[in-house]
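Novice: After the structure tokens below, expect a handful of questions from me.
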Amino acid sequence: MTEARDVLHRLAHAYGIQTSYQGQDGLEREVSGHTLAAVLTALGCPVDPDGLAGLESALEHRRLAPWRRVLPHTTVCRAGAGTSLQVHVPHGSPVTVDVLLEDGSEIALEQLEDFTEPQEVSGELVGQATFRLPQDLPLGWHLLRARMAEVPLDGERLVEATLVVVPDRLDTDQPFHRHRGWGLSAQLYSVRSSASWGLGDLHDLADLAVQTAAHGGDFVLSNPLHASAPQPPVVSSPYSPSTRRFTHPMYLRIEDLPEYAEAEPAMRARVDELAVRRRAENTVADSLDRDAAYADKLTALGWLHLLPRSPEREESYCGYRQGEGQGLEDFALWCALRTRLPPDDPAWQDPALVPGGALAEQYRRELADEIELHRWMQWLCDEQLAEAQATARRAGMRLGLLQDLAVGADRNNADAWMLQDLLVPSMSVGAPPDMYNQMGQDWSQSPWHPERLAETGYRAYRDMLQSVLRRAGGLRVDHILGLFRLWWVPVGQSPVHGAYVEYDHEAMIGILALEAHRAGAVVVGEDLGTFEPWVQDYLAQRGLLGTSILWFEQDDGGPRPPQEYRRQCLTSVNTHDLPPTAGYLTGLHVDLRERLGLLDDPAAERQRADEERRAYLGALQDAGFYRSGSEPDLSVPAERADVVLALHRYLAQAPSLLQCVALVDAVGELRIQNQPGTRQHEYPNWEVPLADAEGRPVLIDDLDAVPGFARLLDAVDHELDAGSPEQTETAAP
């Protein structure tokens with residue numbers, strides 16, 4: 001049994017599966033054999049976890065896998081580095097290799113003298129030839145081409161594979177090395193104006209950017225704007241989208257559409273009736289009604305879509321369609337199908353309903369009008385995102401929109417259908433047990449299949465990044481650790497029974513850096529949680545910013561001095577999975593978790609929160625940011641606001657390139673947006689509208705009139721302006 005386990009572990013490692021993991025308590029835990037077998041099977045290597053039979057042959061088959069391919073599926077190399085390329089051919093067969101660059105030019109590669117013992121593969125002797133990839137290859141997506149003599153026939157055999165040349169380091173953060181920056185974070189759906197339809201929209205996002213820029217801010221970070229279901233009901237969480245590539249039409253401002261402006265008065269009047277009904281919801285402070293707002297917007301969009309487009313707009317629309325290609329066509333088809341077929345309809349399991357299948361193509365013809373509507377709405381989203389970004393930059397922001405990229409898409413939605421050959425449906429992404437979630441987490445998202453990504457040249461990953469980055473000055477990547485490894489949980493099993501599966505981080509991070517470079521965008525990686533020690537250093541070396549949250553930056557239970565924070569980082573006092581700072585200070589998170597039955601020992605947790613609060617208040621007083629010896633009365637909004645201000649000024653002493661201020665902190669909001677570990681009937685996750693310290697709804701129109709809003713933003717701007725160069729020079733890497 002021990003021998004079988006050892007071979008199983010070697011086989012798992014050969015497939016990039018980690019056979020143990022370190023818990024939050026620092027102890028090493030071994031992954032069970034049955035979990036390893038399930039993950040191996042999902043990767044295309046079915047094994048018996050209880051016996052040695054077949055394990056050795058599977059291991060040998062894996063060892064010889066590169067020898068079965070003439071070229072690697074995808075080669076990713078850093079610009080200026082130069083590297084070698086291994087090519088496998090029938091032993092003794094001559095081969096030449098060249099590179100077809102994306103500009104159409106060709107470069108012949110030099111073969112090196114590098115003898116490697118040939119290997120027997122399926123009864124044939126296979127040799128290895130080594131070629132040099134030159135250092136001066138340009139950045140971009142290129143094509144490797146290997147030509148060799150056909151055996152036994154005369155002529156040539158041509159094999160092609162993807163070559164990606166990526167930046168060694170992303171340098172889009174350089175302006176912030178010279179002068180640090182800050183911005184505002186907001187859950188866009190919750191941030192409304194008097195013109196909103198009950199939910200915040202892309203016009204509101206632009207207005208929020210203008211107001212932030214007026215106080216010196218460089219960006220607005222919103223929640224993910226990814227598309228959800230094509231019609232109500234929709235999932236509330238923006239981190240569980242249908243697809244990460246396209247945008248939710250729920251965020252459109254109807255009155256900004258040229259089609260609305262050009263409509264007949266009677267048509268506009270019908271739309272205006274819907275708007276009046278929805279605007280009545282802007283003053284509701286308890287909960288948002290996504291489904292009602294989205295339904296009315298879809299009704300209005302359906303009317304406006306019937307209007308003819310001008311030649312100029314038709315040309316723009318055709319250009320957008322051409323640029324997005326087949327991905328847009330398939331997403332629009334999925335939207336049309338989903339309006340007819342619920343997620344649990346057996347028709348989805350029909351092999352003919354896969355993209356390109358006979359049944360799918362039949363529906364593509366039958367549902368042409370509906371498909372056209374969904375394509376058109378994505379174009380409108382792209383236009384309004386572009387205008388929001390342009391507005392932010394015109395207002396003086398150095399970044400503008402900082403978009404948020406979710407970890408993945410829901411297992412039963414668009415990406416799962418469009419990209420099913422690239423995803424692993426029998427597995428779900430999550431997290432191992434930790435001090436906050438003792439049973440682990442299951443995010444109900446199918447993971448990328450590492451090898452299929454490479455086999456397809458990472459095209460789906462590239463296309464998704466290009467679409468999101470096109471209208472952004474920066475990108476926050478949620479759980480960027482997932483580009484290194486992801487916790488795979490067999491569907492139907494507890495997250496306790498999962499395992500980490502590794503990804504080619506050189507490829508994943510390199511492609512992200514390439515697309516961000518081409519978009520001129522800064523990348524912020526949310527690198528919180530359990531990670532291997534070298535990961536943060538690697539991200540910094542590649543020019544990607546990490547994330548630091550004030551409450552998580554502690555040494556021996558006490559606050560770490562901000563001067564010791566990382567330089568290559570975005571810092572903030574809180575995160576969307578914690579209450580606003582005013583709520584955190586009052587222990588709202590403890591009260592809520594106790595009420596929901598999420599705490600084993602509420603008294604101990606409350607004591608820990610009290611000690612933490614006192615420790616941070618002491619640090620503020622020691623640093624001179626709060627009156628010494630004074631204990632604030634946190635039941636008084638003005639007292640809370642003073643402490644919130646002090647915490648942000650204190651945090652601004654960190655050398656980090658970017659600082660983020662949560663809009664909820666600037667208006668005194670207490671309520672949490674999302675309580676992890678709960679369902680919608682337990683807590684209204686992602687449905688809490690923006691309100692002030694007294695629970696009154698706050699509209700964008702009135703932000704500067706909210707006590708403390710301008711005060712907090714101006715204080716952060718002042719502290720960053722006053723930061724000394726010495727802090728930057730002595731910062732941690």
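All residue names refer to the structure tokens as shown: chains lettered A, B, ... in order, residues numbered from 1 in each chain, ligands numbered from 1 in order.
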Using only C-alpha atoms, which protein or nucleic acid residues come within 8 Å of Val698 of chain A? Drop anything in the same chain fewer than 4 positions from it, and give the result as a count of residues only.
Specialist: 8
Novice: Taking 2 positions as the minimum chain separation for residues in the same chain, which residues sit within 10 Å of Asp463 of chain A when counting only C-alpha atoms? Answer as a PyMOL selection string.
Specialist: chain A and resi 245+324-325+327+458-461+465-469+515
Novice: Could you turn the residues from that selection into a file that holds C-alpha atoms, as a compact mmCIF listing (two decimals), in the first residue's frame?
Specialist:
```txt
# COMPACT_ATOMS: atom_id res chain seq x y z
CA ARG A 245 -15.48 38.29 -20.99
CA GLU A 324 -14.96 40.29 -30.80
CA GLY A 325 -15.31 37.50 -33.34
CA GLY A 327 -16.77 34.60 -28.89
CA TYR A 458 -4.32 30.27 -24.35
CA ARG A 459 -6.64 31.98 -26.83
CA ALA A 460 -9.73 32.02 -24.60
CA TYR A 461 -7.70 33.45 -21.72
CA LEU A 465 -8.22 39.71 -20.96
CA GLN A 466 -8.31 41.79 -24.12
CA SER A 467 -12.04 42.43 -23.81
CA VAL A 468 -11.84 43.47 -20.15
CA LEU A 469 -8.68 45.57 -20.50
CA GLU A 515 -2.16 42.23 -22.59
```
Novice: One decimal, in Å: what's the spacing between atom CA of Leu539 of chain A and atom CA of Ser656 of chain A?
Specialist: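 Calculated distance between atom CA of Leu539 of chain A and atom CA of Ser656 of chain A is 14.5 Å.
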Novice: Using only C-alpha atoms, what table do you get, as a Markdown table, when you list each residue of segment 15-105 of chain A with an atom no more than 8 Å from segment 498-505 of chain A, its nearest pair of atoms, and their distance in Å rounded to one decimal, rows by chain then rising number?
Specialist:
```
| residue | atom | partner | partner_atom | distance |
| --- | --- | --- | --- | --- |
| A:Gly16 | CA | A:Glu502 | CA | 5.0 |
| A:Ile17 | CA | A:Val501 | CA | 4.5 |
| A:Gln18 | CA | A:Tyr500 | CA | 5.4 |
| A:Thr19 | CA | A:Ala499 | CA | 7.1 |
| A:Ser20 | CA | A:Ala499 | CA | 7.5 |
| A:Tyr21 | CA | A:Tyr500 | CA | 7.6 |
| A:Val31 | CA | A:Ala499 | CA | 6.4 |
| A:Thr35 | CA | A:Gly498 | CA | 6.4 |
| A:Leu36 | CA | A:Ala499 | CA | 7.3 |
| A:Val39 | CA | A:Ala499 | CA | 7.8 |
```
Novice: I need the residues from that last selection saved to file as an mmCIF file, in the first residue's frame (with N, CA and C atoms), if you can.
Specialist:
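So the final result, stored in again36.cif, reads:
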```cif
data_model
loop_
_atom_site.group_PDB
_atom_site.id
_atom_site.type_symbol
_atom_site.label_atom_id
_atom_site.label_comp_id
_atom_site.auth_asym_id
_atom_site.auth_seq_id
_atom_site.Cartn_x
_atom_site.Cartn_y
_atom_site.Cartn_z
ATOM 1 N N GLY A 16 1.051 18.008 -11.929
ATOM 2 C CA GLY A 16 0.921 19.305 -11.279
ATOM 3 C C GLY A 16 -0.060 19.334 -10.135
ATOM 4 N N ILE A 17 -0.324 18.186 -9.527
ATOM 5 C CA ILE A 17 -1.235 18.113 -8.384
ATOM 6 C C ILE A 17 -0.400 18.039 -7.109
ATOM 7 N N GLN A 18 -0.637 18.942 -6.186
ATOM 8 C CA GLN A 18 0.103 18.941 -4.933
ATOM 9 C C GLN A 18 -0.532 17.937 -3.973
ATOM 10 N N THR A 19 0.283 17.085 -3.406
ATOM 11 C CA THR A 19 -0.229 15.976 -2.594
ATOM 12 C C THR A 19 -0.416 16.342 -1.132
ATOM 13 N N SER A 20 -0.065 17.569 -0.772
ATOM 14 C CA SER A 20 -0.309 18.051 0.583
ATOM 15 C C SER A 20 -0.467 19.561 0.520
ATOM 16 N N TYR A 21 -0.940 20.126 1.600
ATOM 17 C CA TYR A 21 -1.072 21.577 1.667
ATOM 18 C C TYR A 21 -0.877 22.012 3.105
ATOM 19 N N VAL A 31 -3.218 15.139 1.189
ATOM 20 C CA VAL A 31 -4.428 14.957 0.395
ATOM 21 C C VAL A 31 -4.706 13.457 0.282
ATOM 22 N N THR A 35 -9.026 11.559 -3.391
ATOM 23 C CA THR A 35 -9.082 12.895 -3.999
ATOM 24 C C THR A 35 -8.072 13.002 -5.131
ATOM 25 N N LEU A 36 -6.852 12.509 -4.910
ATOM 26 C CA LEU A 36 -5.837 12.543 -5.963
ATOM 27 C C LEU A 36 -6.313 11.779 -7.195
ATOM 28 N N VAL A 39 -8.933 13.830 -9.086
ATOM 29 C CA VAL A 39 -8.353 14.948 -9.834
ATOM 30 C C VAL A 39 -7.567 14.437 -11.037
#
```
Novice: Within 12 Å of Leu306 of chain A, counting only C-alpha atoms, which residues show up once you throw out same-chain ones fewer than 6 positions away? Write them as a ChimeraX atom specification, please.
Specialist: /A:259-260,263,267,299-300,369-370,372-373,376
Novice: Those same residues, written as a PDB file, in the first residue's frame with N, CA and C atoms?
Specialist:
```pdb
ATOM      1  N   GLU A 259     -29.779  55.842 -29.675  1.00  0.00           N
ATOM      2  CA  GLU A 259     -31.083  55.359 -30.131  1.00  0.00           C
ATOM      3  C   GLU A 259     -32.221  56.011 -29.344  1.00  0.00           C
ATOM      4  N   TYR A 260     -32.006  56.245 -28.057  1.00  0.00           N
ATOM      5  CA  TYR A 260     -33.026  56.925 -27.250  1.00  0.00           C
ATOM      6  C   TYR A 260     -33.188  58.366 -27.715  1.00  0.00           C
ATOM      7  N   ALA A 263     -35.109  58.526 -30.991  1.00  0.00           N
ATOM      8  CA  ALA A 263     -36.429  57.881 -31.042  1.00  0.00           C
ATOM      9  C   ALA A 263     -37.538  58.923 -31.159  1.00  0.00           C
ATOM     10  N   MET A 267     -42.033  56.970 -28.372  1.00  0.00           N
ATOM     11  CA  MET A 267     -41.159  55.904 -27.883  1.00  0.00           C
ATOM     12  C   MET A 267     -40.420  56.363 -26.628  1.00  0.00           C
ATOM     13  N   THR A 299     -36.764  45.639 -21.256  1.00  0.00           N
ATOM     14  CA  THR A 299     -37.950  46.056 -22.013  1.00  0.00           C
ATOM     15  C   THR A 299     -37.632  47.279 -22.868  1.00  0.00           C
ATOM     16  N   ALA A 300     -37.006  48.275 -22.260  1.00  0.00           N
ATOM     17  CA  ALA A 300     -36.654  49.495 -22.989  1.00  0.00           C
ATOM     18  C   ALA A 300     -35.660  49.201 -24.109  1.00  0.00           C
ATOM     19  N   ASP A 369     -32.993  36.831 -34.474  1.00  0.00           N
ATOM     20  CA  ASP A 369     -33.387  38.154 -33.980  1.00  0.00           C
ATOM     21  C   ASP A 369     -32.982  38.347 -32.519  1.00  0.00           C
ATOM     22  N   GLU A 370     -33.210  37.333 -31.701  1.00  0.00           N
ATOM     23  CA  GLU A 370     -32.819  37.441 -30.292  1.00  0.00           C
ATOM     24  C   GLU A 370     -31.301  37.519 -30.146  1.00  0.00           C
ATOM     25  N   GLU A 372     -29.253  38.779 -32.267  1.00  0.00           N
ATOM     26  CA  GLU A 372     -28.875  40.129 -32.672  1.00  0.00           C
ATOM     27  C   GLU A 372     -29.067  41.125 -31.527  1.00  0.00           C
ATOM     28  N   LEU A 373     -30.138  40.988 -30.765  1.00  0.00           N
ATOM     29  CA  LEU A 373     -30.394  41.875 -29.636  1.00  0.00           C
ATOM     30  C   LEU A 373     -29.272  41.780 -28.606  1.00  0.00           C
ATOM     31  N   TRP A 376     -26.039  43.349 -29.850  1.00  0.00           N
ATOM     32  CA  TRP A 376     -26.192  44.803 -29.848  1.00  0.00           C
ATOM     33  C   TRP A 376     -26.009  45.368 -28.442  1.00  0.00           C
TER      34      TRP A 376
END
```
Novice: Would you please extract all alpha helix (DSSP H) residues from segment 416-503 of chain A, as assigned by DSSP on the backbone, and give them as a PyMOL selection string?
Specialist: chain A and resi 416-418+450-455+459-469
Novice: Based on the selection just made, write N, CA and C atoms of those residues as a tab-separated table (two decimals), in the first residue's frame.
Specialist:
```tsv
chain	number	residue	atom	x	y	z
A	416	ALA	N	-19.27	28.10	-19.08
A	416	ALA	CA	-19.30	26.64	-18.99
A	416	ALA	C	-19.78	26.02	-20.30
A	417	TRP	N	-20.63	26.72	-21.02
A	417	TRP	CA	-21.12	26.21	-22.31
A	417	TRP	C	-20.18	26.58	-23.45
A	418	MET	N	-19.73	27.83	-23.49
A	418	MET	CA	-18.88	28.28	-24.61
A	418	MET	C	-17.49	27.67	-24.56
A	450	PRO	N	-5.46	22.97	-17.30
A	450	PRO	CA	-4.16	23.55	-17.61
A	450	PRO	C	-3.62	23.16	-18.98
A	451	GLU	N	-3.75	21.88	-19.34
A	451	GLU	CA	-3.15	21.44	-20.60
A	451	GLU	C	-3.98	21.87	-21.80
A	452	ARG	N	-5.29	21.91	-21.65
A	452	ARG	CA	-6.11	22.34	-22.78
A	452	ARG	C	-5.92	23.82	-23.06
A	453	LEU	N	-5.65	24.60	-22.03
A	453	LEU	CA	-5.29	26.00	-22.25
A	453	LEU	C	-4.07	26.07	-23.17
A	454	ALA	N	-3.05	25.30	-22.83
A	454	ALA	CA	-1.83	25.31	-23.64
A	454	ALA	C	-2.08	24.77	-25.04
A	455	GLU	N	-2.88	23.71	-25.14
A	455	GLU	CA	-3.15	23.11	-26.44
A	455	GLU	C	-3.82	24.10	-27.39
A	459	ARG	N	-5.86	30.98	-26.11
A	459	ARG	CA	-6.64	31.98	-26.83
A	459	ARG	C	-7.84	32.48	-26.03
A	460	ALA	N	-8.56	31.58	-25.35
A	460	ALA	CA	-9.73	32.02	-24.60
A	460	ALA	C	-9.32	32.94	-23.45
A	461	TYR	N	-8.24	32.62	-22.80
A	461	TYR	CA	-7.70	33.45	-21.72
A	461	TYR	C	-7.29	34.81	-22.27
A	462	ARG	N	-6.59	34.82	-23.40
A	462	ARG	CA	-6.18	36.07	-24.04
A	462	ARG	C	-7.39	36.91	-24.44
A	463	ASP	N	-8.37	36.28	-25.08
A	463	ASP	CA	-9.54	37.03	-25.55
A	463	ASP	C	-10.29	37.67	-24.40
A	464	MET	N	-10.41	36.95	-23.30
A	464	MET	CA	-11.09	37.49	-22.13
A	464	MET	C	-10.34	38.70	-21.58
A	465	LEU	N	-9.02	38.59	-21.46
A	465	LEU	CA	-8.22	39.71	-20.96
A	465	LEU	C	-8.31	40.92	-21.89
A	466	GLN	N	-8.25	40.68	-23.18
A	466	GLN	CA	-8.31	41.79	-24.12
A	466	GLN	C	-9.64	42.53	-24.01
A	467	SER	N	-10.73	41.80	-23.90
A	467	SER	CA	-12.04	42.43	-23.81
A	467	SER	C	-12.17	43.27	-22.55
A	468	VAL	N	-11.70	42.75	-21.41
A	468	VAL	CA	-11.84	43.47	-20.15
A	468	VAL	C	-10.89	44.67	-20.09
A	469	LEU	N	-9.68	44.51	-20.60
A	469	LEU	CA	-8.68	45.57	-20.50
A	469	LEU	C	-8.90	46.70	-21.50
```
Novice: In terms of the shortest atom-to-atom distance over only C-alpha atoms, which of A:Leu85, A:Cys318, A:Leu125, A:Leu550 is closest to Gln111 of chain A?
Specialist: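 For Gln111 of chain A, the nearest of the candidates is A:Leu85.
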Novice: I'd like the neighbourhood of Ala409 of chain A as a PDB file with C-alpha atoms, in the first residue's frame, where a residue qualifies if any of its atoms comes within 10 Å (using only C-alpha atoms), though same-chain residues fewer than 5 positions away should be ignored.
Specialist:
```
ATOM      1  CA  HIS A 226     -19.277  40.783 -15.872  1.00  0.00           C
ATOM      2  CA  ALA A 227     -22.468  39.565 -17.521  1.00  0.00           C
ATOM      3  CA  SER A 228     -24.957  37.507 -15.554  1.00  0.00           C
ATOM      4  CA  PRO A 238     -20.821  40.024  -9.085  1.00  0.00           C
ATOM      5  CA  TYR A 239     -18.146  37.419  -8.370  1.00  0.00           C
ATOM      6  CA  SER A 240     -20.320  34.584  -9.756  1.00  0.00           C
ATOM      7  CA  PRO A 241     -20.916  35.760 -13.331  1.00  0.00           C
ATOM      8  CA  SER A 242     -22.104  33.881 -16.390  1.00  0.00           C
ATOM      9  CA  THR A 243     -18.974  34.930 -18.254  1.00  0.00           C
ATOM     10  CA  ARG A 244     -15.959  37.058 -17.437  1.00  0.00           C
ATOM     11  CA  ARG A 245     -15.480  38.289 -20.993  1.00  0.00           C
ATOM     12  CA  ALA A 414     -22.219  30.922 -20.417  1.00  0.00           C
ATOM     13  CA  ASP A 415     -18.505  30.206 -20.010  1.00  0.00           C
ATOM     14  CA  ALA A 416     -19.298  26.638 -18.992  1.00  0.00           C
ATOM     15  CA  TRP A 443     -17.218  28.749  -5.260  1.00  0.00           C
ATOM     16  CA  SER A 444     -19.188  26.636  -7.771  1.00  0.00           C
ATOM     17  CA  GLN A 445     -16.889  27.563 -10.659  1.00  0.00           C
ATOM     18  CA  SER A 446     -15.273  25.125 -13.078  1.00  0.00           C
ATOM     19  CA  PRO A 447     -11.491  25.508 -13.310  1.00  0.00           C
TER      20      PRO A 447
END
```
Novice: Report as an NGL selection string all protein, DNA and RNA residues lying within 9 Å of Asp642 of chain A, evaluated on only C-alpha atoms, omitting residues in the same chain fewer than 5 positions from it.
Specialist: :A and (626 or 632 or 637 or 647 or 708)
Novice: For the selection you just gave me, I'd like the residues written to a file as an mmCIF file, in the first residue's frame, keeping N, CA, C and O atoms.
Specialist:
```cif
data_model
loop_
_atom_site.group_PDB
_atom_site.id
_atom_site.type_symbol
_atom_site.label_atom_id
_atom_site.label_comp_id
_atom_site.auth_asym_id
_atom_site.auth_seq_id
_atom_site.Cartn_x
_atom_site.Cartn_y
_atom_site.Cartn_z
ATOM 1 N N TYR A 626 -4.237 60.425 16.148
ATOM 2 C CA TYR A 626 -5.458 60.510 16.951
ATOM 3 C C TYR A 626 -5.073 61.037 18.319
ATOM 4 O O TYR A 626 -3.961 60.773 18.808
ATOM 5 N N PRO A 632 -12.432 56.850 22.039
ATOM 6 C CA PRO A 632 -13.588 57.385 21.311
ATOM 7 C C PRO A 632 -14.876 56.672 21.711
ATOM 8 O O PRO A 632 -14.883 55.491 22.061
ATOM 9 N N PRO A 637 -21.621 58.905 15.569
ATOM 10 C CA PRO A 637 -21.090 58.936 14.191
ATOM 11 C C PRO A 637 -19.876 59.833 14.013
ATOM 12 O O PRO A 637 -18.929 59.468 13.304
ATOM 13 N N LEU A 647 -7.343 56.370 10.654
ATOM 14 C CA LEU A 647 -6.846 55.115 10.084
ATOM 15 C C LEU A 647 -6.373 55.310 8.645
ATOM 16 O O LEU A 647 -5.343 54.747 8.233
ATOM 17 N N GLY A 708 -18.035 64.545 5.986
ATOM 18 C CA GLY A 708 -16.848 63.694 6.024
ATOM 19 C C GLY A 708 -16.373 63.195 4.684
ATOM 20 O O GLY A 708 -15.231 62.735 4.578
#
```
Novice: Write down as a PyMOL selection string the residues belonging to segment 413-597 of chain A that are assigned strand (DSSP E) by DSSP computed on the backbone.
Specialist: chain A and resi 427-431+441-442+474-477+485-490+499-502+522-525+546-549+554-555+558-559+569-572
Novice: Work out how far apart atom CA of Ala275 of chain A and atom CA of Leu307 of chain A are and give it in Å to one decimal.
Specialist: 19.2 Å
